[in-house]
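Have a look at start.csv; it's CSV, C-alpha atoms:
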```
chain,number,residue,atom,x,y,z
A,1,MET,CA,21.3,-153.3,55.4
A,2,SER,CA,19.5,-154.4,58.4
A,3,LEU,CA,21.3,-154.9,61.7
A,4,GLY,CA,21.1,-157.7,64.3
A,5,ASP,CA,19.9,-156.7,67.8
A,6,ALA,CA,23.4,-156.8,69.2
A,7,GLU,CA,24.8,-154.6,66.4
A,8,ARG,CA,21.8,-152.2,66.7
A,9,ASP,CA,22.4,-151.8,70.5
A,10,GLU,CA,26.1,-151.3,69.9
A,11,GLN,CA,25.4,-148.6,67.3
A,12,ARG,CA,22.9,-146.9,69.5
A,13,ALA,CA,25.5,-146.7,72.3
A,14,LEU,CA,28.1,-145.3,69.9
A,15,LEU,CA,25.6,-142.7,68.6
A,16,GLU,CA,24.8,-141.6,72.2
A,17,THR,CA,28.5,-141.4,73.1
A,18,TYR,CA,29.2,-139.3,70.0
A,19,PHE,CA,26.2,-137.0,70.6
A,20,ARG,CA,27.5,-136.4,74.1
A,21,THR,CA,31.3,-136.2,73.5
A,22,ARG,CA,31.8,-135.4,69.8
A,23,ASP,CA,34.7,-137.8,70.0
A,24,LEU,CA,36.2,-138.1,66.5
A,25,ALA,CA,37.3,-141.7,67.2
A,26,VAL,CA,33.7,-142.6,67.9
A,27,ARG,CA,32.6,-140.8,64.8
A,28,ASP,CA,35.1,-142.9,62.7
A,29,GLN,CA,33.6,-146.1,64.1
A,30,LEU,CA,30.1,-144.8,63.2
A,31,VAL,CA,31.3,-144.0,59.7
A,32,ALA,CA,32.9,-147.4,59.2
A,33,ALA,CA,29.7,-149.1,60.5
A,34,ASN,CA,27.4,-147.2,58.1
A,35,LEU,CA,29.6,-146.8,55.1
A,36,ARG,CA,27.8,-149.7,53.4
A,37,LEU,CA,24.6,-147.8,53.5
A,38,ALA,CA,26.2,-144.6,52.0
A,39,LEU,CA,27.9,-146.6,49.2
A,40,HIS,CA,24.6,-148.5,48.4
A,41,LEU,CA,22.8,-145.1,48.0
A,42,ALA,CA,25.6,-143.7,45.9
A,43,ARG,CA,25.3,-146.6,43.5
A,44,ARG,CA,21.6,-145.7,42.9
A,45,PHE,CA,22.8,-142.5,41.2
A,46,SER,CA,25.5,-144.2,39.0
A,47,ASN,CA,25.4,-144.0,35.2
A,48,ARG,CA,24.3,-140.4,35.2
A,49,GLY,CA,27.5,-138.8,34.1
A,50,VAL,CA,29.2,-138.5,37.5
A,51,SER,CA,31.9,-141.0,38.4
A,52,LEU,CA,31.1,-143.5,41.1
A,53,ASP,CA,34.1,-142.3,43.1
A,54,ASP,CA,32.7,-138.8,43.3
A,55,LEU,CA,29.2,-140.2,44.2
A,56,GLU,CA,30.7,-142.3,47.0
A,57,GLN,CA,32.5,-139.2,48.3
A,58,VAL,CA,29.3,-137.2,48.3
A,59,ALA,CA,27.4,-140.0,50.0
A,60,SER,CA,30.1,-140.3,52.6
A,61,LEU,CA,29.8,-136.6,53.3
A,62,GLY,CA,26.0,-137.1,53.6
A,63,LEU,CA,26.8,-139.8,56.1
A,64,LEU,CA,29.1,-137.5,58.1
A,65,ARG,CA,26.4,-134.9,58.1
A,66,ALA,CA,23.8,-137.4,59.3
A,67,ILE,CA,26.1,-138.5,62.1
A,68,ASP,CA,26.7,-134.9,63.2
A,69,ARG,CA,23.0,-134.0,63.2
A,70,PHE,CA,21.6,-137.2,64.6
A,71,ASP,CA,19.9,-136.8,68.0
A,72,PRO,CA,19.5,-140.2,69.7
A,73,SER,CA,16.9,-138.8,72.1
A,74,ARG,CA,14.3,-138.5,69.3
A,75,GLY,CA,14.1,-142.3,69.2
A,76,LEU,CA,14.6,-142.7,65.4
A,77,GLU,CA,16.6,-145.5,63.9
A,78,PHE,CA,19.9,-144.0,62.5
A,79,SER,CA,19.3,-145.5,59.1
A,80,THR,CA,15.9,-144.0,58.9
A,81,PHE,CA,17.4,-140.6,59.6
A,82,ALA,CA,20.5,-141.0,57.6
A,83,THR,CA,19.0,-142.2,54.3
A,84,PRO,CA,17.2,-139.0,53.4
A,85,THR,CA,20.2,-136.9,54.5
A,86,ILE,CA,22.5,-138.9,52.2
A,87,MET,CA,20.0,-138.9,49.4
A,88,GLY,CA,19.6,-135.1,49.8
A,89,GLU,CA,23.3,-134.7,49.6
A,90,LEU,CA,23.5,-136.7,46.4
A,91,LYS,CA,20.6,-134.9,44.8
A,92,ARG,CA,22.1,-131.5,45.7
A,93,HIS,CA,25.3,-132.7,44.1
A,94,PHE,CA,23.5,-133.2,40.8
A,95,ARG,CA,21.6,-130.0,41.1
A,96,ASP,CA,24.7,-127.9,41.8
A,97,LYS,CA,26.8,-129.9,39.2
A,98,GLY,CA,29.5,-130.4,41.7
A,99,TRP,CA,31.6,-127.9,43.7
A,100,ALA,CA,32.0,-124.6,41.9
A,101,VAL,CA,35.6,-124.6,43.2
A,102,ARG,CA,37.5,-127.8,43.6
A,103,VAL,CA,37.6,-128.4,47.3
A,104,PRO,CA,39.8,-131.1,48.6
A,105,ARG,CA,38.1,-133.9,50.5
A,106,ARG,CA,39.9,-133.1,53.7
A,107,VAL,CA,38.6,-129.5,53.6
A,108,GLN,CA,35.0,-130.7,52.8
A,109,GLU,CA,35.1,-133.0,55.8
A,110,LEU,CA,36.5,-130.3,58.0
A,111,HIS,CA,33.8,-128.0,56.8
A,112,LEU,CA,31.2,-130.4,58.1
A,113,LEU,CA,33.0,-131.1,61.3
A,114,LEU,CA,33.4,-127.4,61.9
A,115,ASN,CA,29.7,-126.9,62.2
A,116,ALA,CA,29.5,-129.2,65.2
A,117,THR,CA,32.7,-127.9,66.7
A,118,VAL,CA,31.6,-124.3,66.6
A,119,ALA,CA,28.3,-125.2,68.3
A,120,ASP,CA,30.1,-127.2,71.0
A,121,LEU,CA,32.8,-124.6,71.7
A,122,THR,CA,30.3,-121.7,71.7
A,123,HIS,CA,28.3,-123.6,74.3
A,124,GLN,CA,31.4,-124.6,76.4
A,125,LEU,CA,33.1,-121.2,76.3
A,126,GLY,CA,29.9,-119.0,76.4
A,127,ARG,CA,31.3,-117.0,73.5
A,128,SER,CA,32.2,-117.5,69.9
A,129,PRO,CA,35.5,-119.4,69.7
A,130,THR,CA,38.6,-118.0,68.0
A,131,ILE,CA,39.9,-119.6,64.8
A,132,ALA,CA,42.9,-120.9,66.8
A,133,GLU,CA,40.6,-122.6,69.3
A,134,LEU,CA,38.6,-124.2,66.5
A,135,ALA,CA,41.9,-125.4,64.8
A,136,THR,CA,43.0,-127.0,68.0
A,137,ALA,CA,39.7,-128.7,68.6
A,138,SER,CA,39.5,-129.9,65.0
A,139,ARG,CA,43.1,-131.0,64.9
A,140,ALA,CA,43.7,-128.8,61.9
A,141,SER,CA,45.7,-125.7,61.2
A,142,GLU,CA,44.2,-122.2,61.3
A,143,GLU,CA,44.6,-122.0,57.5
A,144,GLU,CA,42.6,-125.2,57.1
A,145,VAL,CA,39.8,-123.9,59.3
A,146,LEU,CA,39.6,-120.7,57.2
A,147,GLU,CA,39.6,-122.8,54.0
A,148,ALA,CA,36.8,-125.0,55.5
A,149,MET,CA,34.8,-121.8,56.2
A,150,GLU,CA,35.2,-120.8,52.6
A,151,ALA,CA,33.9,-124.2,51.5
A,152,ALA,CA,30.4,-122.9,52.3
A,153,GLN,CA,31.0,-120.5,49.5
A,154,ALA,CA,32.3,-123.1,47.1
A,155,TYR,CA,29.2,-125.2,47.6
A,156,ARG,CA,27.2,-122.6,45.9
A,157,SER,CA,26.8,-122.4,42.1
A,158,ALA,CA,29.5,-120.7,40.3
A,159,SER,CA,28.6,-117.0,40.3
A,160,ILE,CA,28.5,-114.6,43.3
A,161,GLU,CA,25.4,-113.4,41.5
A,162,GLY,CA,23.7,-116.6,42.5
A,163,ARG,CA,21.7,-114.4,44.8
A,164,SER,CA,18.6,-114.8,42.6
A,165,ALA,CA,19.2,-118.5,42.0
A,166,ALA,CA,18.5,-119.4,45.6
A,167,HIS,CA,17.3,-123.0,46.1
A,168,PRO,CA,13.5,-123.0,46.0
A,169,GLU,CA,12.9,-125.7,48.5
A,170,SER,CA,12.9,-125.1,52.2
A,171,SER,CA,15.7,-126.3,54.3
A,172,ASP,CA,15.4,-129.2,56.7
A,173,LEU,CA,16.6,-126.9,59.4
A,174,GLN,CA,13.8,-124.5,59.2
A,175,LEU,CA,12.7,-122.9,62.4
A,176,GLY,CA,9.5,-124.2,63.9
A,177,VAL,CA,6.1,-122.7,63.3
A,178,ASP,CA,6.1,-121.4,66.9
A,179,ASP,CA,9.0,-119.1,66.0
A,180,LEU,CA,7.1,-117.6,63.1
A,181,GLY,CA,4.1,-116.9,65.5
A,182,LEU,CA,6.2,-114.2,67.2
A,183,PHE,CA,6.2,-112.4,63.9
A,184,GLU,CA,2.5,-112.4,63.2
A,185,ALA,CA,0.8,-109.1,62.6
A,186,GLU,CA,-0.5,-108.5,66.2
A,187,ASN,CA,3.1,-108.9,67.5
A,188,LYS,CA,4.7,-106.7,64.9
A,189,LEU,CA,4.9,-103.6,67.0
A,190,LEU,CA,6.3,-105.4,69.9
A,191,VAL,CA,8.8,-107.2,67.7
A,192,GLU,CA,9.9,-104.0,66.0
A,193,LYS,CA,10.6,-102.5,69.5
A,194,LEU,CA,12.5,-105.6,70.6
A,195,LEU,CA,14.5,-105.8,67.3
A,196,ALA,CA,16.0,-102.4,68.1
A,197,HIS,CA,17.8,-104.0,71.1
A,198,LEU,CA,19.5,-106.7,69.0
A,199,ALA,CA,22.9,-106.3,67.4
A,200,PRO,CA,22.7,-105.1,63.7
A,201,ARG,CA,23.8,-108.6,62.4
A,202,GLU,CA,20.9,-110.2,64.3
A,203,GLN,CA,18.5,-107.6,63.1
A,204,LEU,CA,19.5,-108.2,59.5
A,205,LEU,CA,19.1,-111.9,59.8
A,206,LEU,CA,15.6,-111.7,61.4
A,207,ARG,CA,14.5,-109.2,58.7
A,208,LEU,CA,15.7,-111.4,55.9
A,209,ARG,CA,14.1,-114.5,57.5
A,210,PHE,CA,10.8,-113.1,58.6
A,211,TYR,CA,10.0,-110.0,56.7
A,212,GLU,CA,11.7,-110.9,53.3
A,213,GLU,CA,10.6,-114.5,54.0
A,214,MET,CA,13.9,-115.9,52.8
A,215,THR,CA,14.7,-119.5,53.8
A,216,GLN,CA,17.8,-120.1,55.8
A,217,GLN,CA,19.3,-121.7,52.7
A,218,GLN,CA,18.6,-118.5,50.7
A,219,ILE,CA,20.1,-116.3,53.4
A,220,ALA,CA,23.2,-118.5,53.6
A,221,GLU,CA,23.6,-118.3,49.8
A,222,ARG,CA,23.1,-114.6,49.7
A,223,LEU,CA,25.6,-114.0,52.4
A,224,GLY,CA,28.0,-116.7,51.4
A,225,VAL,CA,28.1,-118.5,54.7
A,226,SER,CA,27.0,-122.0,55.7
A,227,GLN,CA,23.3,-122.6,56.5
A,228,MET,CA,24.4,-124.0,59.9
A,229,HIS,CA,25.9,-120.6,60.7
A,230,VAL,CA,22.6,-118.8,59.7
A,231,SER,CA,20.7,-121.4,61.7
A,232,ARG,CA,22.9,-121.0,64.8
A,233,LEU,CA,22.7,-117.2,64.7
A,234,LEU,CA,18.9,-117.2,64.1
A,235,SER,CA,18.1,-119.5,67.0
A,236,ARG,CA,20.4,-117.5,69.2
A,237,CYS,CA,18.7,-114.2,68.5
A,238,LEU,CA,15.2,-115.8,68.6
A,239,ASP,CA,16.0,-117.0,72.1
A,240,ASP,CA,17.1,-113.5,73.0
A,241,LEU,CA,14.0,-112.0,71.4
A,242,ARG,CA,11.7,-114.5,73.2
A,243,ARG,CA,13.3,-113.7,76.5
A,244,ARG,CA,12.9,-110.0,76.0
A,245,ALA,CA,9.2,-110.5,74.9
A,246,GLU,CA,8.6,-112.4,78.1
A,247,ILE,CA,10.1,-109.7,80.2
A,248,ALA,CA,8.1,-107.1,78.3
A,249,GLN,CA,4.9,-109.1,78.9
A,250,ASP,CA,5.7,-109.5,82.6
A,251,GLN,CA,6.2,-105.8,83.0
A,252,ALA,CA,2.9,-105.1,81.2
B,1,MET,CA,60.3,-85.3,57.3
B,2,SER,CA,58.0,-88.3,57.7
B,3,PRO,CA,59.1,-91.5,56.1
B,4,PRO,CA,57.4,-92.6,52.9
B,5,ASP,CA,54.3,-94.8,53.2
B,6,ASP,CA,56.2,-98.0,52.2
B,7,VAL,CA,58.7,-97.6,55.1
B,8,ARG,CA,56.0,-96.8,57.6
B,9,SER,CA,54.0,-99.8,56.6
B,10,VAL,CA,56.9,-102.1,57.6
B,11,ASP,CA,56.0,-101.4,61.2
B,12,ARG,CA,52.4,-102.4,61.0
B,13,ASP,CA,50.3,-105.5,60.1
B,14,GLU,CA,49.2,-104.4,56.7
B,15,ILE,CA,48.6,-106.3,53.5
B,16,ARG,CA,47.9,-104.9,50.1
B,17,LEU,CA,46.3,-107.0,47.4
B,18,SER,CA,45.9,-106.2,43.8
B,19,LEU,CA,43.4,-108.7,42.2
B,20,PRO,CA,41.8,-109.1,38.9
B,21,ALA,CA,38.3,-107.6,39.2
B,22,LEU,CA,36.6,-110.9,38.7
B,23,PHE,CA,34.2,-112.7,41.0
B,24,PRO,CA,36.3,-115.8,41.5
B,25,TYR,CA,39.0,-113.7,43.1
B,26,GLY,CA,36.6,-112.8,45.9
B,27,ARG,CA,37.7,-116.1,47.5
B,28,VAL,CA,41.4,-115.0,47.5
B,29,ALA,CA,40.4,-111.7,49.1
B,30,ARG,CA,38.3,-113.3,51.8
B,31,LEU,CA,41.0,-115.8,52.7
B,32,ALA,CA,43.6,-113.0,53.0
B,33,VAL,CA,41.4,-110.8,55.1
B,34,THR,CA,40.3,-113.6,57.4
B,35,GLY,CA,43.9,-114.9,57.7
B,36,LEU,CA,44.8,-111.4,59.0
B,37,ALA,CA,41.8,-111.3,61.3
B,38,SER,CA,42.6,-114.7,62.8
B,39,ARG,CA,46.1,-113.5,63.7
B,40,ASN,CA,44.5,-111.0,66.0
B,41,GLY,CA,42.2,-113.5,67.7
B,42,TYR,CA,38.9,-112.5,66.0
B,43,SER,CA,36.1,-114.9,66.9
B,44,TYR,CA,34.5,-117.3,64.5
B,45,ASP,CA,31.4,-115.1,64.3
B,46,ASP,CA,33.4,-112.0,63.6
B,47,VAL,CA,35.5,-113.8,60.9
B,48,GLU,CA,32.2,-114.9,59.3
B,49,ASP,CA,31.1,-111.3,59.4
B,50,LEU,CA,34.3,-110.2,57.7
B,51,ARG,CA,33.9,-112.9,55.0
B,52,ILE,CA,30.4,-111.6,54.4
B,53,ALA,CA,31.6,-108.0,54.3
B,54,VAL,CA,34.5,-108.7,51.8
B,55,GLY,CA,32.1,-110.7,49.6
B,56,GLU,CA,29.7,-107.9,49.6
B,57,VAL,CA,32.4,-105.3,48.8
B,58,PHE,CA,33.4,-107.5,45.9
B,59,GLY,CA,29.8,-107.8,44.8
B,60,VAL,CA,29.5,-104.0,44.7
B,61,LEU,CA,32.8,-103.1,43.1
B,62,VAL,CA,33.0,-105.9,40.5
B,63,SER,CA,30.7,-105.1,37.7
B,64,GLU,CA,30.1,-107.5,34.9
B,65,GLU,CA,28.7,-104.6,32.8
B,66,ARG,CA,31.6,-102.2,33.3
B,67,PRO,CA,34.6,-104.3,34.2
B,68,ALA,CA,37.5,-102.6,36.0
B,69,ALA,CA,41.0,-103.9,35.4
B,70,ARG,CA,41.9,-104.5,39.0
B,71,LEU,CA,40.6,-104.4,42.5
B,72,GLN,CA,43.0,-102.9,45.1
B,73,LEU,CA,42.5,-104.0,48.7
B,74,THR,CA,44.5,-102.5,51.6
B,75,CYS,CA,44.0,-104.2,55.0
B,76,VAL,CA,45.5,-102.8,58.1
B,77,LEU,CA,45.4,-104.8,61.4
B,78,LEU,CA,45.3,-102.4,64.3
B,79,PRO,CA,45.4,-103.5,67.9
B,80,ASP,CA,41.6,-103.2,68.2
B,81,ALA,CA,40.4,-103.2,64.7
B,82,LEU,CA,40.8,-104.4,61.1
B,83,ASP,CA,40.6,-101.5,58.6
B,84,ILE,CA,39.9,-102.5,55.0
B,85,THR,CA,39.8,-100.2,52.0
B,86,ALA,CA,38.8,-101.5,48.6
B,87,SER,CA,38.8,-99.6,45.3
B,88,ARG,CA,38.8,-100.1,41.6
B,89,ALA,CA,41.9,-99.5,39.4
B,90,PRO,CA,41.5,-97.5,37.3
B,91,ALA,CA,39.1,-95.6,39.5
B,92,ALA,CA,35.5,-95.8,38.4
B,93,PRO,CA,32.3,-94.8,40.1
B,94,ILE,CA,30.0,-97.4,41.6
B,95,GLU,CA,27.0,-97.7,39.2
B,96,ARG,CA,24.6,-99.4,41.5
B,97,ILE,CA,24.5,-100.3,45.1
B,98,THR,CA,21.3,-101.9,46.5
B,99,ASP,CA,19.8,-101.0,49.9
B,100,LEU,CA,20.3,-104.7,50.9
B,101,SER,CA,24.1,-104.4,50.2
B,102,ARG,CA,24.2,-101.3,52.5
B,103,GLN,CA,22.2,-103.1,55.1
B,104,ILE,CA,24.4,-106.1,55.0
B,105,LEU,CA,27.6,-104.1,55.3
B,106,GLY,CA,26.0,-102.0,58.1
B,107,ALA,CA,25.1,-105.2,59.9
B,108,VAL,CA,28.4,-107.0,59.8
B,109,VAL,CA,31.0,-104.3,60.3
B,110,ASP,CA,31.3,-101.5,62.8
B,111,ASP,CA,31.9,-98.7,60.3
B,112,THR,CA,31.3,-98.4,56.6
B,113,ALA,CA,32.2,-95.5,54.2
B,114,ILE,CA,31.0,-95.8,50.6
B,115,ASP,CA,32.3,-93.2,48.2
B,116,GLU,CA,30.2,-93.9,45.1
B,117,SER,CA,31.8,-91.3,42.9
B,118,SER,CA,35.3,-92.6,43.3
B,119,GLY,CA,34.3,-96.3,43.7
B,120,ARG,CA,36.0,-96.7,47.0
B,121,ILE,CA,34.6,-98.6,50.1
B,122,ARG,CA,36.1,-98.6,53.5
B,123,ILE,CA,35.0,-101.0,56.2
B,124,VAL,CA,36.2,-101.3,59.8
B,125,LYS,CA,35.6,-104.3,62.1
B,126,LEU,CA,36.4,-103.8,65.8
B,127,LEU,CA,38.0,-106.5,67.8
B,128,ARG,CA,35.5,-106.9,70.6
B,129,SER,CA,37.2,-108.8,73.4
B,130,SER,CA,40.1,-111.1,73.9
B,131,PRO,CA,39.3,-114.6,75.0
```

Could I get this structure in the form of structure tokens?
Amino acid sequence: MSLGDAERDEQRALLETYFRTRDLAVRDQLVAANLRLALHLARRFSNRGVSLDDLEQVASLGLLRAIDRFDPSRGLEFSTFATPTIMGELKRHFRDKGWAVRVPRRVQELHLLLNATVADLTHQLGRSPTIAELATASRASEEEVLEAMEAAQAYRSASIEGRSAAHPESSDLQLGVDDLGLFEAENKLLVEKLLAHLAPREQLLLRLRFYEEMTQQQIAERLGVSQMHVSRLLSRCLDDLRRRAEIAQDQA
Amino acid sequence: MSPPDDVRSVDRDEIRLSLPALFPYGRVARLAVTGLASRNGYSYDDVEDLRIAVGEVFGVLVSEERPAARLQLTCVLLPDALDITASRAPAAPIERITDLSRQILGAVVDDTAIDESSGRIRIVKLLRSSP
């Protein structure tokens, strides 16, 4: 699975281009270049009652996810980053015993792509994009985008009552320890005051995350949305909260 | 004399769904509601809010202990809002609604009316601004 120097440089350039541009053609090249790694990892889970076709599909999704999340500025080798992401995807597949609702591969892929597209468009437009804008950017129909949003729901275990069956492990997208510091006892009064300025949706998320101590994954499952959505909303409102805290401190 | 409801409803963006009161049909309800919302240019965040809200309403009205036959959903798309009413058929009171469910609904929609005795929930999500 090791790459020669020239291949490694070429891959690094592609990863940097994709990180900057989110160009789907570049992503396709990255998928093609790393598919061997995904298929190799999928085979490690064969003979466990899930067809190799399905495993390869799950591993490919893990690869897509890794490409979407990879940040070249951190200096990690892509394979070092991608391997645990793909393995995590395969393990989760076994744990969840597959999709609760049969979701076509195209929709699964769009679901993953959507996370990056929402983040990009929100940044570009300075507001949450419309479904039509997302559809255009993803080269999909509005219906497909809505189906892809539903895929977050399908990825949960079968019952809507899965509320108590939240995954015990923490997510790999947890907020940093610094964020939790804001919610320590001595800050509680200030935080309570600042919370009141946030929109109700943001207040709810912060309460669930920091007072109920639910993980992002548990919140996502309880609400039936993707963890990326929870992560995005939380970091947005934490930024807002931090800004307000600084202003409050300056005034004091 | 005012025209009957069915005639009036021709003039407005309204959908009525009658679904089996079973959890898997929550997906159908969410897709119908979000499809209507996207017609009016609701943002991704607001569509996610609506998905959460409809899922929560389903969670409250569909009871595995006391199953209702159907769930009726009426969604009206107004110029500046989406107005959704959900009820059980036949009508039956809501046995249990948790504080968290109330908080979630309060957080993701602009107006909520829960009539526990008749088993009817109305939610309204405003259309904030056009892009």

For chain A against chain B, with a cut-off of 7 Å and counting all atoms listed in the file, what is the closest atom pair and its distance in Å to one decimal for every residue that makes the cut, ordered by chain and number, as a tab-separated table?
```
residue	atom	partner	partner_atom	distance
A:Ser128	CA	B:Ser43	CA	5.6
A:Pro129	CA	B:Ser43	CA	5.3
A:Thr130	CA	B:Ser43	CA	4.1
A:Ile131	CA	B:Tyr44	CA	5.9
A:Leu146	CA	B:Leu31	CA	6.8
A:Ile160	CA	B:Phe23	CA	6.4
A:Pro200	CA	B:Ala107	CA	4.5
A:Arg201	CA	B:Ala107	CA	4.4
A:Leu204	CA	B:Ala107	CA	6.4
A:Leu223	CA	B:Ile52	CA	5.7
A:Gly224	CA	B:Ile52	CA	6.4
```

Residues from the last selection, C-alpha atoms, saved as a CSV table (one decimal), in the coordinates of the input:
```csv
chain,number,residue,atom,x,y,z
A,128,SER,CA,32.2,-117.5,69.9
A,129,PRO,CA,35.5,-119.4,69.7
A,130,THR,CA,38.6,-118.0,68.0
A,131,ILE,CA,39.9,-119.6,64.8
A,146,LEU,CA,39.6,-120.7,57.2
A,160,ILE,CA,28.5,-114.6,43.3
A,200,PRO,CA,22.7,-105.1,63.7
A,201,ARG,CA,23.8,-108.6,62.4
A,204,LEU,CA,19.5,-108.2,59.5
A,223,LEU,CA,25.6,-114.0,52.4
A,224,GLY,CA,28.0,-116.7,51.4
```

query: Using all atoms listed in the file, which of the listed residues (A:Ala33, A:Ala151, A:Ile67, A:Leu61) sits closest to His93 (chain A)?
result: A:Leu61

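Atom pair CA of Ala91 (chain B) / CA of Leu50 (chain B) has a distance of 23.8 Å (rounded to one decimal).
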
field: Exercise: Arg122 (chain B) partners within 6 Å, all atoms listed in the file, chain neighbours under 4 positions left out, as a VMD selection string
entry: chain B and resid 84 to 85 112 to 113

statement: Computed gap from CA of Ala81 (chain B) to CA of Ala132 (chain A) is 18.0 Å

message: Using Å and a single decimal, report how far CA of Val57 (chain B) sits from CA of Glu212 (chain A).
response: 21.9 Å
